[in-house]
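A.B. asks: Input upload-v7.cif, format and content: mmCIF, C-alpha atoms.
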data_input
#
loop_
_atom_site.label_atom_id
_atom_site.label_comp_id
_atom_site.auth_asym_id
_atom_site.auth_seq_id
_atom_site.Cartn_x
_atom_site.Cartn_y
_atom_site.Cartn_z
CA MET A 1496 -4.59 24.10 3.11
CA PRO A 1497 -3.51 20.48 3.43
CA PHE A 1498 -4.41 19.70 -0.17
CA GLU A 1499 -4.04 21.42 -3.49
CA LEU A 1500 -5.75 20.94 -6.85
CA VAL A 1501 -3.42 21.10 -9.84
CA ASN A 1502 -3.92 21.02 -13.60
CA PRO A 1503 -0.60 20.14 -15.22
CA LYS A 1504 0.34 21.54 -18.61
CA GLY A 1505 0.03 19.05 -21.46
CA LEU A 1506 -3.29 17.63 -20.30
CA GLU A 1507 -6.66 18.60 -21.69
CA ARG A 1508 -8.04 21.77 -20.10
CA PRO A 1509 -10.44 20.41 -17.47
CA VAL A 1510 -13.99 21.72 -17.25
CA GLY A 1511 -15.77 20.90 -14.01
CA TYR A 1512 -13.00 18.82 -12.48
CA ALA A 1513 -9.30 18.92 -11.67
CA HIS A 1514 -6.68 16.51 -13.01
CA VAL A 1515 -4.66 16.18 -9.82
CA ALA A 1516 -5.10 16.60 -6.07
CA THR A 1517 -2.00 16.58 -3.89
CA VAL A 1518 -2.39 15.88 -0.18
CA SER A 1519 0.36 16.94 2.18
CA GLY A 1520 -1.28 16.75 5.58
CA GLY A 1521 -4.55 16.86 7.46
CA LYS A 1522 -7.04 14.15 8.28
CA VAL A 1523 -8.11 12.09 5.27
CA VAL A 1524 -11.83 11.29 5.15
CA TYR A 1525 -13.12 8.48 2.97
CA VAL A 1526 -16.81 8.75 2.17
CA ALA A 1527 -18.46 5.51 1.02
CA GLY A 1528 -20.48 5.60 -2.18
CA GLN A 1529 -23.42 7.87 -1.45
CA ALA A 1530 -26.64 6.86 -3.15
CA PRO A 1531 -29.78 9.02 -3.55
CA PHE A 1532 -31.31 7.94 -0.25
CA ASP A 1533 -32.96 10.20 2.26
CA GLU A 1534 -32.27 9.63 5.94
CA LYS A 1535 -35.05 7.02 6.13
CA GLY A 1536 -33.39 4.99 3.36
CA LYS A 1537 -35.94 5.92 0.71
CA VAL A 1538 -34.80 6.66 -2.84
CA VAL A 1539 -35.29 10.34 -3.66
CA GLY A 1540 -36.31 10.96 -7.27
CA LYS A 1541 -37.08 7.50 -8.57
CA GLY A 1542 -36.57 7.61 -12.35
CA ASP A 1543 -35.32 11.22 -12.19
CA PHE A 1544 -31.57 11.44 -12.70
CA VAL A 1545 -31.27 15.10 -11.78
CA MET A 1546 -33.18 14.73 -8.50
CA GLN A 1547 -31.08 11.70 -7.62
CA PHE A 1548 -27.84 13.52 -8.39
CA ALA A 1549 -28.93 16.48 -6.26
CA GLN A 1550 -29.67 14.14 -3.34
CA VAL A 1551 -26.30 12.43 -3.65
CA ILE A 1552 -24.55 15.81 -3.67
CA ARG A 1553 -26.46 16.79 -0.52
CA ASN A 1554 -25.50 13.48 1.10
CA LEU A 1555 -21.84 14.15 0.34
CA LYS A 1556 -22.28 17.44 2.19
CA THR A 1557 -23.97 15.74 5.12
CA ALA A 1558 -21.22 13.12 5.24
CA VAL A 1559 -18.30 15.53 5.36
CA GLU A 1560 -20.04 17.93 7.73
CA GLY A 1561 -20.65 14.95 10.03
CA VAL A 1562 -16.92 14.83 10.66
CA ASP A 1563 -16.56 18.62 10.94
CA GLY A 1564 -15.51 19.12 7.36
CA ARG A 1565 -16.83 21.21 4.51
CA PRO A 1566 -17.78 20.31 0.92
CA ASP A 1567 -14.87 22.34 -0.44
CA GLN A 1568 -12.55 19.95 1.37
CA TYR A 1569 -13.31 17.11 -1.02
CA ALA A 1570 -10.13 16.39 -2.96
CA VAL A 1571 -11.41 13.41 -4.95
CA LEU A 1572 -14.79 12.19 -6.21
CA THR A 1573 -15.62 9.00 -8.08
CA ILE A 1574 -18.97 9.13 -9.84
CA TYR A 1575 -20.72 5.91 -10.81
CA ILE A 1576 -23.77 6.32 -13.04
CA THR A 1577 -26.04 3.83 -14.76
CA ASP A 1578 -27.38 6.09 -17.51
CA LEU A 1579 -24.79 8.12 -19.38
CA PRO A 1580 -27.31 9.78 -21.74
CA ALA A 1581 -29.29 11.01 -18.72
CA TYR A 1582 -26.07 12.59 -17.48
CA LEU A 1583 -25.07 14.13 -20.80
CA ASN A 1584 -28.57 15.44 -21.55
CA ASN A 1585 -28.91 17.24 -18.22
CA ARG A 1586 -25.58 18.97 -17.88
CA LYS A 1587 -27.07 22.35 -16.96
CA SER A 1588 -29.41 21.10 -14.23
CA LEU A 1589 -26.72 18.82 -12.84
CA GLY A 1590 -24.29 21.73 -12.76
CA ASP A 1591 -26.84 23.81 -10.85
CA ALA A 1592 -27.33 21.03 -8.28
CA TYR A 1593 -23.58 20.59 -7.96
CA ARG A 1594 -22.85 24.28 -7.46
CA GLU A 1595 -25.53 24.60 -4.80
CA VAL A 1596 -23.29 22.54 -2.52
CA PHE A 1597 -19.81 22.80 -3.98
CA GLY A 1598 -19.83 26.27 -5.55
CA LYS A 1599 -16.88 26.47 -7.92
CA HIS A 1600 -14.86 23.82 -6.10
CA PHE A 1601 -13.88 21.07 -8.55
CA PRO A 1602 -11.96 18.09 -7.11
CA ALA A 1603 -10.17 15.35 -9.04
CA ILE A 1604 -13.15 13.50 -10.54
CA THR A 1605 -13.44 10.13 -12.24
CA LEU A 1606 -16.77 9.21 -13.85
CA VAL A 1607 -17.76 5.80 -15.18
CA GLU A 1608 -21.00 4.24 -16.34
CA VAL A 1609 -21.56 0.92 -14.60
CA ALA A 1610 -24.09 -1.85 -15.18
CA SER A 1611 -26.01 -1.28 -12.00
CA LEU A 1612 -25.80 0.02 -8.45
CA TYR A 1613 -26.75 -1.86 -5.30
CA ASN A 1614 -30.33 -0.64 -5.42
CA ALA A 1615 -31.88 -1.06 -8.86
CA ASP A 1616 -33.71 2.28 -8.49
CA CYS A 1617 -30.46 4.20 -8.00
CA MET A 1618 -28.95 5.84 -11.06
CA VAL A 1619 -25.99 7.55 -9.43
CA GLU A 1620 -23.60 6.91 -6.58
CA ILE A 1621 -20.58 9.01 -5.61
CA SER A 1622 -17.72 8.17 -3.28
CA GLY A 1623 -15.24 10.77 -2.15
CA ILE A 1624 -12.05 11.61 -0.32
CA ALA A 1625 -11.91 14.80 1.70
CA VAL A 1626 -8.94 16.31 3.50
CA ILE A 1627 -9.67 18.20 6.68
CA ASP A 1628 -7.33 20.56 8.50
CA MET B 245 -6.64 3.73 16.59
CA PRO B 246 -5.41 5.73 13.59
CA PHE B 247 -8.77 5.56 11.87
CA GLU B 248 -12.37 5.88 12.91
CA LEU B 249 -15.64 4.83 11.30
CA VAL B 250 -18.41 7.40 11.53
CA ASN B 251 -22.07 7.45 10.55
CA PRO B 252 -23.21 11.06 10.38
CA LYS B 253 -26.77 12.04 11.28
CA GLY B 254 -28.98 12.78 8.30
CA LEU B 255 -27.76 9.85 6.25
CA GLU B 256 -29.56 6.55 5.89
CA ARG B 257 -28.84 4.17 8.76
CA PRO B 258 -26.14 1.90 7.33
CA VAL B 259 -26.49 -1.87 7.55
CA GLY B 260 -23.28 -3.77 6.91
CA TYR B 261 -21.12 -0.77 6.07
CA ALA B 262 -20.11 2.63 7.40
CA HIS B 263 -20.65 5.94 5.65
CA VAL B 264 -17.34 7.54 6.58
CA ALA B 265 -13.84 6.52 7.59
CA THR B 266 -11.49 9.20 8.93
CA VAL B 267 -7.77 8.52 8.90
CA SER B 268 -5.52 10.55 11.17
CA GLY B 269 -2.29 8.57 11.19
CA GLY B 270 -0.73 5.18 10.70
CA LYS B 271 0.52 3.44 7.60
CA VAL B 272 -2.00 3.35 4.76
CA VAL B 273 -2.20 0.05 2.91
CA TYR B 274 -3.76 -0.14 -0.55
CA VAL B 275 -4.85 -3.63 -1.52
CA ALA B 276 -5.34 -4.17 -5.25
CA GLY B 277 -8.61 -5.70 -6.41
CA GLN B 278 -8.63 -9.22 -4.99
CA ALA B 279 -10.27 -11.80 -7.22
CA PRO B 280 -11.38 -15.31 -6.20
CA PHE B 281 -8.04 -16.93 -7.00
CA ASP B 282 -6.23 -19.44 -4.86
CA GLU B 283 -2.48 -19.12 -4.47
CA LYS B 284 -1.91 -21.08 -7.67
CA GLY B 285 -4.01 -18.58 -9.63
CA LYS B 286 -6.95 -20.94 -10.05
CA VAL B 287 -10.50 -19.57 -9.73
CA VAL B 288 -12.18 -20.90 -6.59
CA GLY B 289 -15.91 -21.56 -7.03
CA LYS B 290 -16.40 -21.22 -10.77
CA GLY B 291 -20.05 -20.26 -11.27
CA ASP B 292 -20.66 -20.06 -7.51
CA PHE B 293 -20.94 -16.47 -6.31
CA VAL B 294 -20.87 -17.29 -2.59
CA MET B 295 -17.74 -19.44 -2.85
CA GLN B 296 -16.04 -16.74 -4.89
CA PHE B 297 -16.99 -14.04 -2.41
CA ALA B 298 -15.66 -16.16 0.48
CA GLN B 299 -12.34 -16.63 -1.33
CA VAL B 300 -12.01 -12.91 -2.03
CA ILE B 301 -12.67 -12.15 1.64
CA ARG B 302 -9.98 -14.64 2.64
CA ASN B 303 -7.59 -13.06 0.15
CA LEU B 304 -8.23 -9.65 1.69
CA LYS B 305 -7.22 -11.20 5.03
CA THR B 306 -4.09 -12.75 3.52
CA ALA B 307 -3.19 -9.43 1.89
CA VAL B 308 -3.43 -7.31 5.02
CA GLU B 309 -1.80 -9.93 7.22
CA GLY B 310 1.07 -10.01 4.72
CA VAL B 311 1.97 -6.50 5.82
CA ASP B 312 1.41 -7.21 9.52
CA GLY B 313 -2.11 -5.87 9.61
CA ARG B 314 -5.47 -7.32 10.60
CA PRO B 315 -8.80 -7.52 8.74
CA ASP B 316 -10.37 -5.09 11.22
CA GLN B 317 -7.91 -2.47 10.04
CA TYR B 318 -9.62 -2.13 6.68
CA ALA B 319 -11.13 1.35 6.55
CA VAL B 320 -12.47 1.20 2.99
CA LEU B 321 -13.64 -1.51 0.61
CA THR B 322 -14.78 -1.19 -3.00
CA ILE B 323 -16.75 -4.20 -4.22
CA TYR B 324 -17.09 -4.87 -7.93
CA ILE B 325 -19.54 -7.59 -8.87
CA THR B 326 -20.81 -8.87 -12.22
CA ASP B 327 -24.09 -10.38 -11.06
CA LEU B 328 -26.18 -8.21 -8.77
CA PRO B 329 -29.03 -10.74 -8.42
CA ALA B 330 -26.52 -13.37 -7.24
CA TYR B 331 -25.46 -10.88 -4.58
CA LEU B 332 -28.96 -9.90 -3.51
CA ASN B 333 -30.23 -13.49 -3.45
CA ASN B 334 -27.46 -14.75 -1.20
CA ARG B 335 -27.27 -12.07 1.46
CA LYS B 336 -27.27 -14.53 4.36
CA SER B 337 -24.48 -16.80 3.06
CA LEU B 338 -22.44 -13.80 2.00
CA GLY B 339 -22.86 -12.28 5.45
CA ASP B 340 -21.66 -15.52 7.02
CA ALA B 341 -18.56 -15.58 4.80
CA TYR B 342 -17.88 -11.92 5.55
CA ARG B 343 -18.19 -12.29 9.31
CA GLU B 344 -15.87 -15.29 9.36
CA VAL B 345 -13.04 -12.90 8.55
CA PHE B 346 -14.27 -9.46 9.51
CA GLY B 347 -16.58 -10.20 12.41
CA LYS B 348 -18.71 -7.12 12.99
CA HIS B 349 -16.20 -4.74 11.48
CA PHE B 350 -17.87 -2.74 8.71
CA PRO B 351 -15.68 -0.29 6.77
CA ALA B 352 -16.79 2.41 4.34
CA ILE B 353 -18.04 0.27 1.45
CA THR B 354 -18.91 1.12 -2.14
CA LEU B 355 -20.52 -1.59 -4.29
CA VAL B 356 -21.10 -1.45 -8.04
CA GLU B 357 -22.08 -3.96 -10.67
CA VAL B 358 -19.66 -3.81 -13.59
CA ALA B 359 -19.77 -5.41 -17.04
CA SER B 360 -16.94 -7.84 -16.43
CA LEU B 361 -13.78 -8.43 -14.45
CA TYR B 362 -10.35 -9.25 -15.85
CA ASN B 363 -11.01 -12.99 -15.77
CA ALA B 364 -14.36 -13.90 -17.31
CA ASP B 365 -14.90 -16.59 -14.65
CA CYS B 366 -14.64 -14.07 -11.79
CA MET B 367 -17.88 -12.69 -10.44
CA VAL B 368 -16.49 -10.52 -7.64
CA GLU B 369 -13.40 -8.45 -6.97
CA ILE B 370 -12.73 -6.27 -3.94
CA SER B 371 -10.09 -3.62 -3.43
CA GLY B 372 -9.40 -2.10 -0.03
CA ILE B 373 -7.60 0.46 2.05
CA ALA B 374 -6.35 -0.53 5.48
CA VAL B 375 -4.76 1.66 8.11
CA ILE B 376 -2.15 0.03 10.31
CA ASP B 377 -0.78 1.43 13.54
CA MET C 116 11.00 5.55 -0.33
CA PRO C 117 7.71 6.56 1.28
CA PHE C 118 5.85 3.61 -0.22
CA GLU C 119 6.54 -0.05 -0.76
CA LEU C 120 4.98 -2.66 -3.02
CA VAL C 121 4.43 -6.03 -1.37
CA ASN C 122 3.21 -9.41 -2.60
CA PRO C 123 2.13 -11.46 0.42
CA LYS C 124 2.53 -15.20 0.47
CA GLY C 125 -0.68 -17.14 -0.07
CA LEU C 126 -1.92 -14.90 -2.87
CA GLU C 127 -1.63 -15.70 -6.55
CA ARG C 128 1.77 -14.75 -8.00
CA PRO C 129 1.07 -11.36 -9.62
CA VAL C 130 2.13 -10.71 -13.19
CA GLY C 131 2.16 -7.05 -14.17
CA TYR C 132 0.82 -5.69 -10.91
CA ALA C 133 1.40 -5.82 -7.16
CA HIS C 134 -1.10 -7.00 -4.57
CA VAL C 135 -0.35 -4.40 -1.92
CA ALA C 136 1.12 -0.91 -1.65
CA THR C 137 1.97 0.43 1.80
CA VAL C 138 2.36 4.17 2.25
CA SER C 139 4.26 5.47 5.25
CA GLY C 140 4.96 9.06 4.36
CA GLY C 141 5.37 11.54 1.54
CA LYS C 142 2.85 13.62 -0.34
CA VAL C 143 -0.07 11.62 -1.71
CA VAL C 144 -1.12 12.57 -5.24
CA TYR C 145 -4.53 11.59 -6.56
CA VAL C 146 -4.77 11.61 -10.33
CA ALA C 147 -8.30 11.79 -11.73
CA GLY C 148 -9.29 9.23 -14.36
CA GLN C 149 -7.12 9.98 -17.36
CA ALA C 150 -8.80 9.40 -20.70
CA PRO C 151 -7.08 9.17 -24.10
CA PHE C 152 -7.25 12.89 -24.79
CA ASP C 153 -4.47 15.02 -26.20
CA GLU C 154 -3.90 18.45 -24.72
CA LYS C 155 -6.51 19.96 -27.05
CA GLY C 156 -9.15 17.54 -25.71
CA LYS C 157 -9.23 15.41 -28.84
CA VAL C 158 -9.46 11.62 -28.55
CA VAL C 159 -6.23 9.96 -29.64
CA GLY C 160 -6.75 6.64 -31.44
CA LYS C 161 -10.49 6.56 -32.03
CA GLY C 162 -11.45 2.89 -32.29
CA ASP C 163 -7.89 1.76 -31.52
CA PHE C 164 -7.57 0.36 -28.01
CA VAL C 165 -3.79 0.16 -28.02
CA MET C 166 -3.31 3.75 -29.16
CA GLN C 167 -5.81 4.93 -26.54
CA PHE C 168 -4.06 2.97 -23.80
CA ALA C 169 -0.69 4.42 -24.82
CA GLN C 170 -2.12 7.95 -24.66
CA VAL C 171 -3.61 7.36 -21.22
CA ILE C 172 -0.28 6.03 -19.97
CA ARG C 173 1.46 9.14 -21.32
CA ASN C 174 -1.17 11.33 -19.63
CA LEU C 175 -0.50 9.60 -16.31
CA LYS C 176 3.17 10.53 -16.79
CA THR C 177 2.28 14.13 -17.64
CA ALA C 178 0.00 14.32 -14.60
CA VAL C 179 2.54 13.09 -12.06
CA GLU C 180 5.39 15.08 -13.58
CA GLY C 181 3.18 18.15 -13.33
CA VAL C 182 3.50 17.94 -9.57
CA ASP C 183 7.23 17.10 -9.64
CA GLY C 184 6.75 13.36 -9.39
CA ARG C 185 7.80 10.42 -11.54
CA PRO C 186 5.82 7.53 -13.08
CA ASP C 187 7.56 5.05 -10.77
CA GLN C 188 5.98 6.85 -7.85
CA TYR C 189 2.52 5.58 -8.69
CA ALA C 190 1.48 3.21 -5.90
CA VAL C 191 -2.03 2.45 -7.14
CA LEU C 192 -3.80 2.38 -10.50
CA THR C 193 -7.45 1.69 -11.27
CA ILE C 194 -8.07 0.78 -14.89
CA TYR C 195 -11.55 1.13 -16.36
CA ILE C 196 -12.00 -0.36 -19.81
CA THR C 197 -15.05 -0.76 -22.05
CA ASP C 198 -13.80 -3.65 -24.19
CA LEU C 199 -12.22 -6.53 -22.30
CA PRO C 200 -11.51 -8.62 -25.44
CA ALA C 201 -9.57 -5.68 -26.93
CA TYR C 202 -7.49 -5.68 -23.75
CA LEU C 203 -6.92 -9.42 -23.65
CA ASN C 204 -6.14 -9.68 -27.36
CA ASN C 205 -3.47 -6.98 -27.28
CA ARG C 206 -1.48 -7.89 -24.20
CA LYS C 207 1.91 -7.59 -25.91
CA SER C 208 1.35 -4.17 -27.49
CA LEU C 209 -0.23 -2.88 -24.29
CA GLY C 210 2.74 -4.15 -22.31
CA ASP C 211 5.09 -2.33 -24.65
CA ALA C 212 3.17 0.93 -24.26
CA TYR C 213 3.10 0.48 -20.51
CA ARG C 214 6.82 -0.20 -20.19
CA GLU C 215 7.72 2.80 -22.29
CA VAL C 216 6.58 4.97 -19.39
CA PHE C 217 6.63 2.74 -16.33
CA GLY C 218 9.47 0.33 -17.13
CA LYS C 219 9.18 -2.58 -14.76
CA HIS C 220 7.32 -0.64 -12.10
CA PHE C 221 4.06 -2.41 -11.27
CA PRO C 222 1.76 -0.72 -8.72
CA ALA C 223 -1.30 -2.19 -7.01
CA ILE C 224 -3.70 -2.40 -9.96
CA THR C 225 -7.44 -3.00 -10.13
CA LEU C 226 -9.01 -3.51 -13.57
CA VAL C 227 -12.72 -3.61 -14.34
CA GLU C 228 -14.77 -3.52 -17.52
CA VAL C 229 -17.47 -0.87 -17.27
CA ALA C 230 -20.46 -0.09 -19.47
CA SER C 231 -19.12 3.19 -20.78
CA LEU C 232 -16.84 6.11 -20.03
CA TYR C 233 -17.77 9.78 -20.08
CA ASN C 234 -16.88 10.17 -23.74
CA ALA C 235 -18.39 7.41 -25.89
CA ASP C 236 -15.23 7.26 -28.02
CA CYS C 237 -13.02 6.47 -25.03
CA MET C 238 -12.25 2.81 -24.40
CA VAL C 239 -9.94 3.19 -21.42
CA GLU C 240 -9.55 5.49 -18.44
CA ILE C 241 -7.05 5.13 -15.60
CA SER C 242 -6.97 6.89 -12.24
CA GLY C 243 -3.99 6.65 -9.93
CA ILE C 244 -2.43 7.42 -6.60
CA ALA C 245 1.22 8.42 -6.48
CA VAL C 246 3.37 9.01 -3.44
CA ILE C 247 6.08 11.64 -3.76
CA ASP C 248 9.00 12.14 -1.42
#
Give the structure from the file, written as structure tokens.

C.D. replies:
Amino acid sequence: MPFELVNPKGLERPVGYAHVATVSGGKVVYVAGQAPFDEKGKVVGKGDFVMQFAQVIRNLKTAVEGVDGRPDQYAVLTIYITDLPAYLNNRKSLGDAYREVFGKHFPAITLVEVASLYNADCMVEISGIAVID
Amino acid sequence: MPFELVNPKGLERPVGYAHVATVSGGKVVYVAGQAPFDEKGKVVGKGDFVMQFAQVIRNLKTAVEGVDGRPDQYAVLTIYITDLPAYLNNRKSLGDAYREVFGKHFPAITLVEVASLYNADCMVEISGIAVID
Amino acid sequence: MPFELVNPKGLERPVGYAHVATVSGGKVVYVAGQAPFDEKGKVVGKGDFVMQFAQVIRNLKTAVEGVDGRPDQYAVLTIYITDLPAYLNNRKSLGDAYREVFGKHFPAITLVEVASLYNADCMVEISGIAVID
């Protein structure tokens, strides 16, 4: 595999992410921030954080498959959310939505709460870097 | 070209950005968040979002040209803004400023509204990844 | 060295960062956003921005050393903070903490103030990209 996920000793034990992804080859695929839009550009799950997250995860799948990759080839994700409590209060449902696409694959993930996303109805946006053989 | 912009089926039709950039070679150039500073470090366009955006776009050009690249070799941009309404209400002027440097080249773009940038007078900062032959 | 830091003419003279990092080889290492956790997952320096920053810097060292790299192989850092005044008012102490690990090595750095980080007690999180021979 052209990339490897590593969790160095001395860092907090990661749950649901990896600390480090090392890339030693392959084609690197940058996926722009995916918002909870359907293919017509309509927000899926207005006001519903879990539905929006599930749509974004599906869009990440669509994006990487569109260049002949697979979800488990994401090495890095950056998650931008606008409502941290909605994230923290729905961990189980969000985990279910995540695993439906990614299984037990956990890339190097950074999560931040921002003021707003481009579309005021969007509560989550995720960009990613995948590495394809 | 060592990178390609792709818009996979099943994702919203992108206007002014691409969903995916694939990189298969070349030298990868990371450009740190460019703020609306002139070369003396003075903010250009204090209080004027469009002027600031135009300066940042020019700085992105200066940055990539400084390593013998061209603006159309940017594969990825991440746009941090502090005033989403100022962005949404000036789409036409911002598009003009963008096209002056980038023409119709639209990389994989992520945009988020943050609380603040390093300099309180700055309303926009853009980091980028270019791929040079 | 497989990467080079460059400061193109025409851009503000950078202090404490570089404008551009060019990568022409090596293994690319993505380090997920490091928060001020110790290895047990406990926040170090609750309410103390400088202590948190110092811990994050040490974690970046631990992360890159965990894949046989060195701190001076970081090409890119993205700094997310939740309290810009705390950053601006502690420049000297933060510089000291930085130099203890990085010396005079200044990668391409982007800094933004966000609304919140994953853990409400965390005031700073830094992700990075290192390039290892």

A.B. asks: Superposition of chain C onto chain B by least squares over all sequentially paired C-alpha atoms; the transformed chain is requested as a short mmCIF file (atom, residue, chain, number, x, y, z; two decimals) with C-alpha atoms, in the frame of the given file.

C.D. replies:
data_model
loop_
_atom_site.label_atom_id
_atom_site.label_comp_id
_atom_site.auth_asym_id
_atom_site.auth_seq_id
_atom_site.Cartn_x
_atom_site.Cartn_y
_atom_site.Cartn_z
CA MET C 116 -6.61 3.75 16.59
CA PRO C 117 -5.40 5.73 13.58
CA PHE C 118 -8.78 5.56 11.87
CA GLU C 119 -12.38 5.88 12.91
CA LEU C 120 -15.64 4.83 11.29
CA VAL C 121 -18.41 7.41 11.53
CA ASN C 122 -22.08 7.45 10.55
CA PRO C 123 -23.23 11.08 10.38
CA LYS C 124 -26.75 12.04 11.27
CA GLY C 125 -28.99 12.80 8.30
CA LEU C 126 -27.76 9.86 6.24
CA GLU C 127 -29.57 6.57 5.89
CA ARG C 128 -28.85 4.17 8.78
CA PRO C 129 -26.14 1.90 7.33
CA VAL C 130 -26.49 -1.85 7.55
CA GLY C 131 -23.29 -3.76 6.90
CA TYR C 132 -21.13 -0.77 6.07
CA ALA C 133 -20.12 2.63 7.40
CA HIS C 134 -20.66 5.95 5.65
CA VAL C 135 -17.35 7.55 6.57
CA ALA C 136 -13.84 6.53 7.59
CA THR C 137 -11.50 9.19 8.93
CA VAL C 138 -7.77 8.52 8.90
CA SER C 139 -5.52 10.53 11.17
CA GLY C 140 -2.31 8.57 11.20
CA GLY C 141 -0.74 5.17 10.70
CA LYS C 142 0.52 3.43 7.60
CA VAL C 143 -1.99 3.36 4.76
CA VAL C 144 -2.19 0.04 2.91
CA TYR C 145 -3.75 -0.14 -0.54
CA VAL C 146 -4.85 -3.62 -1.53
CA ALA C 147 -5.34 -4.16 -5.26
CA GLY C 148 -8.62 -5.70 -6.41
CA GLN C 149 -8.63 -9.21 -5.00
CA ALA C 150 -10.27 -11.79 -7.22
CA PRO C 151 -11.37 -15.30 -6.21
CA PHE C 152 -8.03 -16.91 -7.00
CA ASP C 153 -6.22 -19.45 -4.87
CA GLU C 154 -2.48 -19.12 -4.47
CA LYS C 155 -1.90 -21.11 -7.67
CA GLY C 156 -4.00 -18.59 -9.65
CA LYS C 157 -6.95 -20.93 -10.07
CA VAL C 158 -10.50 -19.58 -9.73
CA VAL C 159 -12.17 -20.89 -6.60
CA GLY C 160 -15.90 -21.56 -7.02
CA LYS C 161 -16.41 -21.23 -10.76
CA GLY C 162 -20.06 -20.26 -11.26
CA ASP C 163 -20.66 -20.06 -7.50
CA PHE C 164 -20.95 -16.47 -6.30
CA VAL C 165 -20.88 -17.29 -2.60
CA MET C 166 -17.75 -19.44 -2.84
CA GLN C 167 -16.04 -16.73 -4.90
CA PHE C 168 -16.98 -14.04 -2.39
CA ALA C 169 -15.66 -16.16 0.48
CA GLN C 170 -12.35 -16.64 -1.34
CA VAL C 171 -12.01 -12.92 -2.02
CA ILE C 172 -12.68 -12.16 1.64
CA ARG C 173 -9.99 -14.66 2.65
CA ASN C 174 -7.59 -13.06 0.14
CA LEU C 175 -8.22 -9.65 1.69
CA LYS C 176 -7.22 -11.19 5.03
CA THR C 177 -4.09 -12.75 3.52
CA ALA C 178 -3.18 -9.44 1.89
CA VAL C 179 -3.44 -7.31 5.03
CA GLU C 180 -1.78 -9.93 7.22
CA GLY C 181 1.06 -10.01 4.72
CA VAL C 182 1.98 -6.52 5.81
CA ASP C 183 1.42 -7.21 9.53
CA GLY C 184 -2.10 -5.86 9.61
CA ARG C 185 -5.46 -7.32 10.59
CA PRO C 186 -8.81 -7.52 8.74
CA ASP C 187 -10.38 -5.09 11.22
CA GLN C 188 -7.92 -2.48 10.03
CA TYR C 189 -9.61 -2.13 6.68
CA ALA C 190 -11.13 1.36 6.54
CA VAL C 191 -12.46 1.21 2.98
CA LEU C 192 -13.64 -1.51 0.60
CA THR C 193 -14.77 -1.20 -3.00
CA ILE C 194 -16.74 -4.20 -4.21
CA TYR C 195 -17.08 -4.87 -7.93
CA ILE C 196 -19.54 -7.59 -8.86
CA THR C 197 -20.79 -8.88 -12.22
CA ASP C 198 -24.09 -10.38 -11.05
CA LEU C 199 -26.17 -8.20 -8.76
CA PRO C 200 -29.03 -10.74 -8.42
CA ALA C 201 -26.53 -13.37 -7.22
CA TYR C 202 -25.46 -10.87 -4.57
CA LEU C 203 -28.95 -9.90 -3.50
CA ASN C 204 -30.23 -13.48 -3.45
CA ASN C 205 -27.45 -14.75 -1.20
CA ARG C 206 -27.28 -12.08 1.47
CA LYS C 207 -27.25 -14.54 4.38
CA SER C 208 -24.49 -16.81 3.06
CA LEU C 209 -22.44 -13.80 2.00
CA GLY C 210 -22.86 -12.29 5.45
CA ASP C 211 -21.65 -15.51 7.02
CA ALA C 212 -18.56 -15.58 4.80
CA TYR C 213 -17.89 -11.94 5.55
CA ARG C 214 -18.19 -12.31 9.31
CA GLU C 215 -15.88 -15.29 9.37
CA VAL C 216 -13.04 -12.90 8.55
CA PHE C 217 -14.27 -9.45 9.51
CA GLY C 218 -16.60 -10.20 12.43
CA LYS C 219 -18.71 -7.14 13.01
CA HIS C 220 -16.21 -4.74 11.48
CA PHE C 221 -17.88 -2.74 8.71
CA PRO C 222 -15.68 -0.28 6.77
CA ALA C 223 -16.80 2.41 4.33
CA ILE C 224 -18.03 0.26 1.44
CA THR C 225 -18.91 1.13 -2.15
CA LEU C 226 -20.52 -1.59 -4.29
CA VAL C 227 -21.09 -1.43 -8.03
CA GLU C 228 -22.08 -3.96 -10.67
CA VAL C 229 -19.67 -3.82 -13.59
CA ALA C 230 -19.78 -5.40 -17.04
CA SER C 231 -16.94 -7.82 -16.44
CA LEU C 232 -13.78 -8.43 -14.46
CA TYR C 233 -10.35 -9.25 -15.86
CA ASN C 234 -10.99 -12.99 -15.78
CA ALA C 235 -14.36 -13.90 -17.31
CA ASP C 236 -14.90 -16.58 -14.65
CA CYS C 237 -14.63 -14.08 -11.80
CA MET C 238 -17.88 -12.68 -10.44
CA VAL C 239 -16.49 -10.53 -7.65
CA GLU C 240 -13.39 -8.45 -6.98
CA ILE C 241 -12.73 -6.27 -3.94
CA SER C 242 -10.07 -3.62 -3.42
CA GLY C 243 -9.41 -2.08 -0.03
CA ILE C 244 -7.59 0.46 2.05
CA ALA C 245 -6.35 -0.53 5.48
CA VAL C 246 -4.75 1.66 8.10
CA ILE C 247 -2.14 0.03 10.32
CA ASP C 248 -0.78 1.41 13.55
#

A.B. asks: Residues near Phe168 in chain C, anyone? I mean within 12 Å using only C-alpha atoms, not counting same-chain ones fewer than 6 positions away, as a PyMOL selection string.

C.D. replies: chain C and resi 149-152+158-162+174-175+194-198+201-202+205-206+208-216+237-241

A.B. asks: Near chain B, which residues of chain C fall within 7 Å when you count all atoms listed in the file, and what do they look like as a list in words?

C.D. replies: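 Applying the cut-off to the listed atoms yields Pro123, Lys124, Gly125, Leu126, Glu127, His134, Val135, Ala136, Thr137, Val138, Ser139, Ala223, Ile224, Thr225, Leu226, Val227, Glu228, Val229 and Ala230 of chain C.
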
A.B. asks: How many Å separate CA of Ile172 in chain C from CA of Val1510 in chain A?

C.D. replies: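 Separating CA of Ile172 in chain C from CA of Val1510 in chain A is a distance of 21.0 Å.
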